[in-house]
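For reference, target.cif is printed below; it contains mmCIF, C-alpha atoms.
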data_entry
loop_
_atom_site.label_atom_id
_atom_site.label_comp_id
_atom_site.auth_asym_id
_atom_site.auth_seq_id
_atom_site.Cartn_x
_atom_site.Cartn_y
_atom_site.Cartn_z
CA MET A 1 -131.29 127.33 -33.97
CA ILE A 2 -130.99 126.98 -37.77
CA GLN A 3 -127.39 125.86 -37.42
CA ARG A 4 -128.40 123.20 -34.85
CA LEU A 5 -131.14 121.86 -37.15
CA LEU A 6 -128.70 121.65 -40.03
CA THR A 7 -126.28 119.71 -37.84
CA LEU A 8 -128.97 117.21 -36.77
CA ALA A 9 -130.09 116.78 -40.35
CA ALA A 10 -126.53 116.10 -41.46
CA GLY A 11 -126.14 113.47 -38.77
CA ALA A 12 -129.36 111.74 -39.78
CA GLN A 13 -128.25 111.78 -43.41
CA ALA A 14 -124.94 110.18 -42.46
CA LEU A 15 -126.73 107.37 -40.64
CA ARG A 16 -128.97 106.74 -43.61
CA CYS A 17 -125.89 106.53 -45.85
CA GLY A 18 -124.35 103.86 -43.64
CA ALA A 19 -121.78 106.01 -41.90
CA ALA A 20 -120.86 104.60 -38.51
CA PRO A 21 -121.39 106.87 -35.53
CA ARG A 22 -118.36 107.95 -33.55
CA ALA A 23 -117.33 105.28 -31.07
CA ARG A 24 -117.64 106.23 -27.43
CA ALA A 25 -114.43 106.13 -25.46
CA PRO A 26 -114.35 103.12 -23.12
CA THR A 27 -115.09 103.87 -19.49
CA ALA A 28 -112.60 102.57 -16.95
CA LEU A 29 -114.31 100.46 -14.28
CA ARG A 30 -112.77 100.09 -10.82
CA ALA A 31 -113.14 96.62 -9.26
CA VAL A 32 -113.96 97.58 -5.72
CA ALA A 33 -115.11 94.16 -4.53
CA THR A 34 -111.97 92.39 -5.64
CA GLU A 35 -109.45 94.79 -4.12
CA ARG A 36 -108.30 94.83 -0.53
CA SER A 37 -109.39 98.05 1.11
CA ASP A 38 -106.68 98.25 3.78
CA GLU A 39 -104.23 95.57 4.83
CA TYR A 40 -103.67 95.01 8.54
CA THR A 41 -100.21 96.15 9.64
CA VAL A 42 -98.44 96.89 12.92
CA ILE A 43 -96.02 99.59 13.99
CA GLY A 44 -92.47 98.37 14.55
CA ASN A 45 -89.89 99.62 17.02
CA ASP A 46 -88.64 102.13 14.46
CA GLY A 47 -92.12 103.64 14.13
CA LYS A 48 -92.68 102.30 10.62
CA ARG A 49 -95.53 100.12 9.43
CA VAL A 50 -94.65 96.41 9.27
CA THR A 51 -96.54 93.92 7.09
CA LEU A 52 -97.24 90.58 8.80
CA THR A 53 -97.37 87.13 7.28
CA LYS A 54 -100.58 85.12 7.28
CA GLY A 55 -99.35 82.99 10.20
CA GLU A 56 -98.43 86.06 12.25
CA LYS A 57 -101.85 87.62 11.58
CA GLU A 58 -103.57 84.40 12.69
CA ARG A 59 -101.57 84.40 15.92
CA VAL A 60 -102.52 88.02 16.65
CA PHE A 61 -106.16 87.16 15.90
CA ILE A 62 -106.13 84.17 18.29
CA ASP A 63 -104.40 86.15 21.03
CA ALA A 64 -106.97 88.94 20.70
CA ILE A 65 -109.90 86.52 21.02
CA GLN A 66 -108.47 84.59 23.96
CA SER A 67 -107.33 87.73 25.81
CA TYR A 68 -110.80 89.26 25.51
CA TYR A 69 -112.90 86.23 26.46
CA PHE A 70 -110.53 84.48 28.90
CA ASP A 71 -108.75 87.40 30.59
CA GLY A 72 -111.18 90.25 29.96
CA ARG A 73 -108.46 92.32 28.25
CA GLN A 74 -108.99 94.07 24.92
CA VAL A 75 -105.64 94.08 23.13
CA LEU A 76 -107.10 95.39 19.85
CA SER A 77 -109.68 98.07 19.25
CA ASP A 78 -112.92 97.12 17.52
CA ALA A 79 -111.76 98.76 14.30
CA GLU A 80 -108.39 96.97 14.39
CA PHE A 81 -110.04 93.61 15.12
CA ASP A 82 -112.54 94.02 12.27
CA GLN A 83 -109.74 95.04 9.92
CA LEU A 84 -107.63 92.04 10.93
CA LYS A 85 -110.58 89.64 10.52
CA GLU A 86 -111.40 91.06 7.09
CA ASP A 87 -107.75 90.74 6.07
CA LEU A 88 -107.62 87.09 7.17
CA ALA A 89 -110.86 86.35 5.33
CA TRP A 90 -109.34 87.88 2.20
CA GLU A 91 -106.30 85.58 2.53
CA GLY A 92 -108.54 82.52 2.94
CA SER A 93 -107.74 81.82 6.59
CA GLU A 94 -110.12 79.43 8.34
CA TYR A 95 -109.57 81.34 11.58
CA ALA A 96 -111.66 84.23 10.28
CA VAL A 97 -114.82 82.08 10.34
CA LEU A 98 -116.04 80.60 13.62
CA SER A 99 -118.40 77.65 13.86
CA ARG A 100 -121.75 77.76 15.64
CA GLU A 101 -120.35 75.86 18.64
CA GLU A 102 -117.36 78.22 18.90
CA THR A 103 -119.72 81.21 18.84
CA ARG A 104 -121.79 79.67 21.65
CA PHE A 105 -118.67 79.06 23.70
CA LEU A 106 -117.39 82.61 23.30
CA GLY A 107 -120.84 83.98 24.15
CA ALA A 108 -120.92 81.97 27.36
CA MET A 109 -117.41 83.10 28.29
CA GLY A 110 -118.27 86.73 27.61
CA ALA A 111 -121.46 86.58 29.70
CA TYR A 112 -119.55 85.01 32.60
CA ASN A 113 -116.76 87.61 32.53
CA ARG A 114 -119.28 90.47 32.42
CA GLY A 115 -121.22 89.05 35.34
CA GLU A 116 -124.36 88.51 33.30
CA GLU A 117 -126.84 85.65 33.55
CA ALA A 118 -125.38 82.35 32.37
CA VAL A 119 -126.49 81.33 28.88
CA MET A 120 -125.94 77.62 29.63
CA SER A 121 -125.46 75.34 32.62
CA ASP A 122 -122.03 74.43 33.96
CA SER A 123 -122.32 70.86 32.69
CA GLU A 124 -123.28 72.06 29.20
CA PHE A 125 -120.36 74.48 29.22
CA ASP A 126 -117.88 71.81 30.32
CA THR A 127 -119.15 69.41 27.67
CA LEU A 128 -118.94 72.06 24.97
CA LYS A 129 -115.45 73.10 26.04
CA ALA A 130 -114.23 69.51 26.07
CA SER A 131 -115.70 68.94 22.61
CA LEU A 132 -114.01 72.04 21.20
CA LYS A 133 -110.70 71.10 22.78
CA ALA A 134 -110.91 67.61 21.34
CA SER A 135 -111.43 69.09 17.88
CA GLY A 136 -108.50 71.49 18.36
CA SER A 137 -110.63 74.64 18.26
CA ILE A 138 -108.64 77.87 18.48
CA VAL A 139 -111.08 79.51 20.90
CA ALA A 140 -110.96 76.75 23.53
CA THR A 141 -107.25 75.97 23.27
CA SER A 142 -104.70 78.33 24.75
CA THR A 143 -101.47 77.52 22.92
CA GLU A 144 -99.49 80.30 24.57
CA PRO A 145 -97.78 79.45 27.91
CA ARG A 146 -99.07 81.23 31.01
CA CYS A 147 -97.21 81.52 34.30
CA PHE A 148 -98.54 82.49 37.73
CA LEU A 149 -96.24 84.42 40.05
CA ASP A 150 -97.90 83.27 43.26
CA THR A 151 -97.55 79.53 42.55
CA GLY A 152 -94.69 79.46 40.03
CA ILE A 153 -96.72 77.09 37.84
CA CYS A 154 -96.66 77.55 34.07
CA SER A 155 -99.35 75.95 31.93
CA VAL A 156 -100.35 75.54 28.32
CA THR A 157 -102.81 73.45 26.32
CA PHE A 158 -101.65 70.77 23.90
CA THR A 159 -103.54 69.92 20.71
CA PRO A 160 -104.20 66.54 19.05
CA ASP A 161 -101.51 65.48 16.57
CA ARG A 162 -103.92 64.41 13.83
CA PHE A 163 -101.31 63.58 11.21
CA ARG A 164 -99.45 61.08 13.39
CA GLY A 165 -102.76 59.82 14.71
CA ILE A 166 -103.79 58.87 11.18
CA VAL A 167 -100.39 57.27 10.50
CA LEU A 168 -101.01 54.87 13.40
CA TYR A 169 -103.82 53.23 11.42
CA LEU A 170 -101.85 52.76 8.19
CA PRO A 171 -99.96 49.52 9.07
CA ALA A 172 -103.11 47.57 9.95
CA ILE A 173 -104.98 48.97 6.94
CA ALA A 174 -102.09 48.14 4.59
CA VAL A 175 -101.78 44.56 5.86
CA PHE A 176 -105.50 43.85 5.67
CA THR A 177 -105.67 45.43 2.21
CA LEU A 178 -103.15 42.85 0.96
CA LEU A 179 -105.05 40.05 2.69
CA TRP A 180 -108.33 41.23 1.20
CA SER A 181 -106.88 41.31 -2.30
CA GLY A 182 -105.39 37.82 -1.99
CA LEU A 183 -108.39 36.20 -0.30
CA THR A 184 -110.96 37.61 -2.72
CA TYR A 185 -108.86 36.44 -5.68
CA GLU A 186 -108.48 32.91 -4.30
CA LEU A 187 -111.88 32.40 -2.67
CA VAL A 188 -114.17 34.38 -5.00
CA PRO A 189 -113.62 33.26 -8.61
CA ALA A 190 -115.96 35.94 -9.94
CA SER A 191 -113.60 38.66 -8.62
CA ARG A 192 -110.80 37.49 -10.92
CA SER A 193 -112.48 39.12 -13.90
CA LEU A 194 -112.87 42.42 -12.07
CA ASN A 195 -110.41 45.26 -11.97
CA PRO A 196 -108.41 45.04 -8.69
CA ILE A 197 -109.24 48.68 -7.99
CA ILE A 198 -112.97 47.90 -8.10
CA THR A 199 -112.39 45.01 -5.69
CA LEU A 200 -110.62 47.33 -3.26
CA ILE A 201 -113.36 49.97 -3.56
CA LEU A 202 -116.05 47.38 -2.80
CA GLY A 203 -114.11 46.15 0.22
CA SER A 204 -113.03 49.57 1.50
CA PRO A 205 -115.70 49.73 4.27
CA ILE A 206 -114.64 46.31 5.58
CA ILE A 207 -110.95 47.19 5.27
CA ALA A 208 -111.42 50.45 7.17
CA SER A 209 -113.48 48.82 9.94
CA VAL A 210 -111.07 45.94 10.45
CA GLY A 211 -108.07 48.29 10.30
CA GLN A 212 -109.62 50.52 12.94
CA TYR A 213 -110.42 47.57 15.21
CA LEU A 214 -106.92 46.10 14.90
CA THR A 215 -105.31 49.48 15.60
CA GLU A 216 -107.46 50.49 18.55
CA ARG A 217 -108.00 47.08 20.20
CA VAL A 218 -105.16 44.75 19.18
CA ILE A 219 -102.02 46.74 18.35
CA PHE A 220 -102.87 49.72 20.57
CA ASP A 221 -105.45 50.43 23.22
CA GLU A 222 -107.24 53.73 22.50
CA PRO A 223 -104.19 55.45 21.00
CA PHE A 224 -103.92 59.22 21.15
CA ILE A 225 -101.05 61.62 20.38
CA ALA A 226 -100.90 65.15 21.78
CA GLN A 227 -98.45 67.87 20.88
CA GLY A 228 -97.69 71.42 21.93
CA PRO A 229 -95.09 73.88 23.21
CA CYS A 230 -93.19 73.53 26.47
CA PRO A 231 -94.51 76.09 28.98
CA ASP A 232 -90.92 76.88 29.96
CA CYS A 233 -88.91 77.18 26.71
CA GLY A 234 -91.57 76.91 23.98
CA ALA A 235 -90.04 73.87 22.24
CA ASN A 236 -92.54 71.53 20.61
CA ASN A 237 -93.15 68.21 22.41
CA ARG A 238 -95.30 65.13 21.83
CA LEU A 239 -96.76 62.49 24.12
CA PHE A 240 -98.40 59.17 23.22
CA PHE A 241 -101.34 57.96 25.32
CA GLY A 242 -102.44 54.33 25.32
CA ASP A 243 -101.06 50.78 25.51
CA ILE A 244 -98.96 49.03 22.85
CA LEU A 245 -99.40 45.25 22.29
CA GLY A 246 -100.62 44.76 25.86
CA VAL A 247 -97.76 46.77 27.39
CA GLU A 248 -99.24 49.42 29.66
CA GLY A 249 -98.44 52.96 28.63
CA VAL A 250 -99.56 56.43 29.60
CA GLY A 251 -103.14 56.58 30.88
CA THR A 252 -105.09 59.66 31.87
CA GLU A 253 -102.12 61.51 33.37
CA GLY A 254 -98.72 61.47 31.72
CA GLU A 255 -95.31 62.94 32.35
CA LEU A 256 -92.53 63.73 29.90
CA ALA A 257 -89.30 65.67 29.86
CA CYS A 258 -89.01 68.57 27.43
CA THR A 259 -86.76 67.67 24.51
CA ASN A 260 -85.03 71.03 24.79
CA CYS A 261 -84.80 72.09 28.47
CA ASN A 262 -85.59 68.73 30.19
CA THR A 263 -88.36 70.37 32.25
CA LYS A 264 -90.81 67.83 33.71
CA LEU A 265 -94.22 68.32 32.11
CA GLN A 266 -97.49 66.96 33.48
CA VAL A 267 -100.07 66.26 30.75
CA ASN A 268 -103.75 65.44 31.22
CA ARG A 269 -105.32 63.44 28.40
CA ASP A 270 -108.90 64.63 28.96
CA THR A 271 -108.18 68.37 29.09
CA LEU A 272 -104.79 68.34 27.28
CA ARG A 273 -103.66 70.73 29.98
CA VAL A 274 -99.88 70.81 30.51
CA SER A 275 -98.22 72.26 33.60
CA CYS A 276 -94.75 72.54 35.05
CA LYS A 277 -93.10 74.09 38.08
CA LYS A 278 -90.84 77.03 37.32
CA GLN A 279 -88.78 79.39 39.43
CA LEU A 280 -90.00 82.81 38.30
CA LEU A 281 -88.19 85.08 40.75
#

Whole structure given in structure tokens:
Amino acid sequence: MIQRLLTLAAGAQALRCGAAPRARAPTALRAVATERSDEYTVIGNDGKRVTLTKGEKERVFIDAIQSYYFDGRQVLSDAEFDQLKEDLAWEGSEYAVLSREETRFLGAMGAYNRGEEAVMSDSEFDTLKASLKASGSIVATSTEPRCFLDTGICSVTFTPDRFRGIVLYLPAIAVFTLLWSGLTYELVPASRSLNPIITLILGSPIIASVGQYLTERVIFDEPFIAQGPCPDCGANNRLFFGDILGVEGVGTEGELACTNCNTKLQVNRDTLRVSCKKQLL
């Protein structure tokens, strides 16, 4: 006891004399929230674990959702699905987060497949499905070909080609932008003292509206581009719907030959459903 008191007294004396106390060793902190707990992998043919790319994980995720809600088959266990979804969320994939409308659609599909009471009317379901297909939703668009042995018909769902759809509007917008710049400079003297960029910003709503009208009503008539894989060979194909400069084009139903296997494909503009006849046996 006496020795302990002497030790405490010596420590207090050292502090009074300005001696610095012994520094505590830094404690190593483990960043749990910023580390991936377990990456989703698959087992290859050789029995070893194989790491997938982000695109491959997204395809497995889509197949799992569509197989469960459309076919009633569970290709992944609950633990595997949760692990895959968490892994995609970690990698910043938009597929890991479903919108409210997509959740409603999957809920309605699940209730129907389980034989439960319908959560919405048939008309509401059809409208919701059409809306999701038009927006290219992954849950309402089956991008993998499916073939039926009894009929020999293979089908797949195309998706809107948004990039080329936007490019269609660029010529009219570019031409009217030049006209707007020239007309405002000649007809509005006050605009000559303004920066041309400010003039374009002020006229951007008018330019966009006129460009849209010229594209959809003058140059084309309700243009729409769809793309997707061939149900037979999987090669990517595109089809343009609408008229060009008064020349009648593809309407509601269109037909095209696959660029790879020359298979005749029937495409519906409203549903983007593509079908072809194939000899399976």

Compare A:Ile201, A:Leu183, A:Leu214, A:Val119 by their minimum atom-to-atom distance to Leu168 (chain A), counting only C-alpha atoms, and give me the closest one.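 Result for the nearest residue to Leu168 (chain A): A:Leu214.
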
Rank A:Ile225, A:Ala130, A:Leu245, A:Met120 by their smallest atom-to-atom distance to Ile166 (chain A), using all atoms listed in the file, and report the top residue only.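 Going through A:Ile225, A:Ala130, A:Leu245, A:Met120 one by one, the smallest distance to Ile166 (chain A) is for A:Ile225.
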
Report as a list in words the full result of the PyMOL selection byres ((chain A and resi 267) around 9) when it is applied to this structure. Thr157, Phe158, Leu239, Thr252, Glu253, Gly254, Glu255, Leu256, Leu265, Gln266, Asn268, Arg269, Thr271, Leu272, Arg273, Val274 and Ser275 of chain A

Go ahead and compute the interatomic distance for CA of Val167 (chain A) and CA of Cys276 (chain A), in Å to one decimal.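 Going from CA of Val167 (chain A) over to CA of Cys276 (chain A), I get 29.5 Å.
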
Could you pull the residues within 7 Å of region 78-87 of chain A, counting all atoms listed in the file, minus those fewer than 6 positions along the same chain, as a VMD selection string? chain A and resid 39 to 40 96

Choose the residue, out of A:Ser209, A:Thr184, A:Leu200, A:Asp270, that has the smallest atom-to-atom separation from Leu132 (chain A); count all atoms listed in the file.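 Comparing A:Ser209, A:Thr184, A:Leu200, A:Asp270 against Leu132 (chain A), the winner is A:Asp270.
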
Measuring between all atoms listed in the file, which one of A:Leu202, A:Ala111, A:Ala172, A:Cys230 shows the shortest distance to Lys264 (chain A)?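 When distances to Lys264 (chain A) are compared using all atoms listed in the file, the smallest one comes from A:Cys230.
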
Sel. within 12 Å of pt (-99.3, 86.4, 10.7), counting only C-alpha atoms, output as a PyMOL selection string: chain A and resi 39-42+50-63+84-85+87-88+91+93+95

Between A:Gly246, A:Gly251, A:Gly107, A:Gly165, which one has atoms that come closest to Ile65 (chain A), using all atoms listed in the file? A:Gly107

Name all residues at most 10 Å from Asp232 (chain A) (count only C-alpha atoms; drop same-chain ones fewer than 2 positions away) and give them as a ChimeraX atom specification. /A:145-147,153-156,229-230,234-235,258,260-265,275-278

Ranking A:Cys233, A:Gly242, A:Leu106, A:Val247 by minimum distance to Thr259 (chain A) and counting only C-alpha atoms, which one comes first?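 Residue with the minimum atom-to-atom distance to Thr259 (chain A): A:Cys233.
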
Interatomic distance between CA of Ile207 (chain A) and CA of Ile219 (chain A)?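 So the two atoms, CA of Ile207 (chain A) and CA of Ile219 (chain A), lie 15.8 Å apart.
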
Can you take the partial region 64-93 of chain A, add N, CA and C atoms, and return it as a PDB file, in the coordinates of the input?
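Saved the output as result_29.pdb:
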ATOM      1  N   ALA A  64    -105.954  87.917  20.423  1.00  0.00           N
ATOM      2  CA  ALA A  64    -106.970  88.940  20.700  1.00  0.00           C
ATOM      3  C   ALA A  64    -108.256  88.312  21.216  1.00  0.00           C
ATOM      4  N   ILE A  65    -108.675  87.194  20.594  1.00  0.00           N
ATOM      5  CA  ILE A  65    -109.900  86.520  21.020  1.00  0.00           C
ATOM      6  C   ILE A  65    -109.753  85.941  22.415  1.00  0.00           C
ATOM      7  N   GLN A  66    -108.653  85.233  22.662  1.00  0.00           N
ATOM      8  CA  GLN A  66    -108.470  84.590  23.960  1.00  0.00           C
ATOM      9  C   GLN A  66    -108.249  85.604  25.072  1.00  0.00           C
ATOM     10  N   SER A  67    -107.543  86.697  24.788  1.00  0.00           N
ATOM     11  CA  SER A  67    -107.330  87.730  25.810  1.00  0.00           C
ATOM     12  C   SER A  67    -108.644  88.392  26.198  1.00  0.00           C
ATOM     13  N   TYR A  68    -109.530  88.582  25.222  1.00  0.00           N
ATOM     14  CA  TYR A  68    -110.800  89.260  25.510  1.00  0.00           C
ATOM     15  C   TYR A  68    -111.760  88.362  26.284  1.00  0.00           C
ATOM     16  N   TYR A  69    -111.895  87.099  25.853  1.00  0.00           N
ATOM     17  CA  TYR A  69    -112.900  86.230  26.460  1.00  0.00           C
ATOM     18  C   TYR A  69    -112.379  85.480  27.683  1.00  0.00           C
ATOM     19  N   PHE A  70    -111.073  85.234  27.768  1.00  0.00           N
ATOM     20  CA  PHE A  70    -110.530  84.480  28.900  1.00  0.00           C
ATOM     21  C   PHE A  70    -110.004  85.413  29.993  1.00  0.00           C
ATOM     22  N   ASP A  71    -109.347  86.499  29.601  1.00  0.00           N
ATOM     23  CA  ASP A  71    -108.750  87.400  30.590  1.00  0.00           C
ATOM     24  C   ASP A  71    -109.496  88.709  30.750  1.00  0.00           C
ATOM     25  N   GLY A  72    -110.440  88.997  29.877  1.00  0.00           N
ATOM     26  CA  GLY A  72    -111.180  90.250  29.960  1.00  0.00           C
ATOM     27  C   GLY A  72    -110.377  91.450  29.498  1.00  0.00           C
ATOM     28  N   ARG A  73    -109.291  91.238  28.741  1.00  0.00           N
ATOM     29  CA  ARG A  73    -108.460  92.320  28.250  1.00  0.00           C
ATOM     30  C   ARG A  73    -108.692  92.509  26.749  1.00  0.00           C
ATOM     31  N   GLN A  74    -108.807  93.762  26.333  1.00  0.00           N
ATOM     32  CA  GLN A  74    -108.990  94.070  24.920  1.00  0.00           C
ATOM     33  C   GLN A  74    -107.669  94.582  24.371  1.00  0.00           C
ATOM     34  N   VAL A  75    -106.956  93.726  23.649  1.00  0.00           N
ATOM     35  CA  VAL A  75    -105.640  94.080  23.130  1.00  0.00           C
ATOM     36  C   VAL A  75    -105.740  94.801  21.782  1.00  0.00           C
ATOM     37  N   LEU A  76    -106.869  94.691  21.113  1.00  0.00           N
ATOM     38  CA  LEU A  76    -107.100  95.390  19.850  1.00  0.00           C
ATOM     39  C   LEU A  76    -108.402  96.168  19.943  1.00  0.00           C
ATOM     40  N   SER A  77    -108.432  97.325  19.323  1.00  0.00           N
ATOM     41  CA  SER A  77    -109.680  98.070  19.250  1.00  0.00           C
ATOM     42  C   SER A  77    -110.652  97.358  18.317  1.00  0.00           C
ATOM     43  N   ASP A  78    -111.925  97.755  18.383  1.00  0.00           N
ATOM     44  CA  ASP A  78    -112.920  97.120  17.520  1.00  0.00           C
ATOM     45  C   ASP A  78    -112.583  97.292  16.049  1.00  0.00           C
ATOM     46  N   ALA A  79    -112.101  98.503  15.695  1.00  0.00           N
ATOM     47  CA  ALA A  79    -111.760  98.760  14.300  1.00  0.00           C
ATOM     48  C   ALA A  79    -110.572  97.909  13.853  1.00  0.00           C
ATOM     49  N   GLU A  80    -109.564  97.778  14.720  1.00  0.00           N
ATOM     50  CA  GLU A  80    -108.390  96.970  14.390  1.00  0.00           C
ATOM     51  C   GLU A  80    -108.763  95.492  14.263  1.00  0.00           C
ATOM     52  N   PHE A  81    -109.623  95.020  15.168  1.00  0.00           N
ATOM     53  CA  PHE A  81    -110.040  93.610  15.120  1.00  0.00           C
ATOM     54  C   PHE A  81    -110.816  93.321  13.843  1.00  0.00           C
ATOM     55  N   ASP A  82    -111.754  94.210  13.487  1.00  0.00           N
ATOM     56  CA  ASP A  82    -112.540  94.020  12.270  1.00  0.00           C
ATOM     57  C   ASP A  82    -111.637  94.051  11.030  1.00  0.00           C
ATOM     58  N   GLN A  83    -110.656  94.947  11.038  1.00  0.00           N
ATOM     59  CA  GLN A  83    -109.740  95.040   9.920  1.00  0.00           C
ATOM     60  C   GLN A  83    -108.897  93.768   9.793  1.00  0.00           C
ATOM     61  N   LEU A  84    -108.427  93.260  10.939  1.00  0.00           N
ATOM     62  CA  LEU A  84    -107.630  92.040  10.930  1.00  0.00           C
ATOM     63  C   LEU A  84    -108.467  90.843  10.457  1.00  0.00           C
ATOM     64  N   LYS A  85    -109.706  90.747  10.926  1.00  0.00           N
ATOM     65  CA  LYS A  85    -110.580  89.640  10.520  1.00  0.00           C
ATOM     66  C   LYS A  85    -110.877  89.704   9.033  1.00  0.00           C
ATOM     67  N   GLU A  86    -111.125  90.915   8.518  1.00  0.00           N
ATOM     68  CA  GLU A  86    -111.400  91.060   7.090  1.00  0.00           C
ATOM     69  C   GLU A  86    -110.164  90.688   6.267  1.00  0.00           C
ATOM     70  N   ASP A  87    -108.991  91.063   6.769  1.00  0.00           N
ATOM     71  CA  ASP A  87    -107.750  90.740   6.070  1.00  0.00           C
ATOM     72  C   ASP A  87    -107.514  89.232   6.018  1.00  0.00           C
ATOM     73  N   LEU A  88    -107.779  88.544   7.134  1.00  0.00           N
ATOM     74  CA  LEU A  88    -107.620  87.090   7.170  1.00  0.00           C
ATOM     75  C   LEU A  88    -108.624  86.400   6.249  1.00  0.00           C
ATOM     76  N   ALA A  89    -109.846  86.920   6.219  1.00  0.00           N
ATOM     77  CA  ALA A  89    -110.860  86.350   5.330  1.00  0.00           C
ATOM     78  C   ALA A  89    -110.432  86.519   3.872  1.00  0.00           C
ATOM     79  N   TRP A  90    -109.813  87.647   3.562  1.00  0.00           N
ATOM     80  CA  TRP A  90    -109.340  87.880   2.200  1.00  0.00           C
ATOM     81  C   TRP A  90    -108.258  86.861   1.826  1.00  0.00           C
ATOM     82  N   GLU A  91    -107.397  86.508   2.786  1.00  0.00           N
ATOM     83  CA  GLU A  91    -106.300  85.580   2.530  1.00  0.00           C
ATOM     84  C   GLU A  91    -106.743  84.121   2.634  1.00  0.00           C
ATOM     85  N   GLY A  92    -108.020  83.884   2.906  1.00  0.00           N
ATOM     86  CA  GLY A  92    -108.540  82.520   2.940  1.00  0.00           C
ATOM     87  C   GLY A  92    -108.245  81.773   4.217  1.00  0.00           C
ATOM     88  N   SER A  93    -108.028  82.484   5.326  1.00  0.00           N
ATOM     89  CA  SER A  93    -107.740  81.820   6.590  1.00  0.00           C
ATOM     90  C   SER A  93    -109.019  81.283   7.211  1.00  0.00           C
TER      91      SER A  93
END
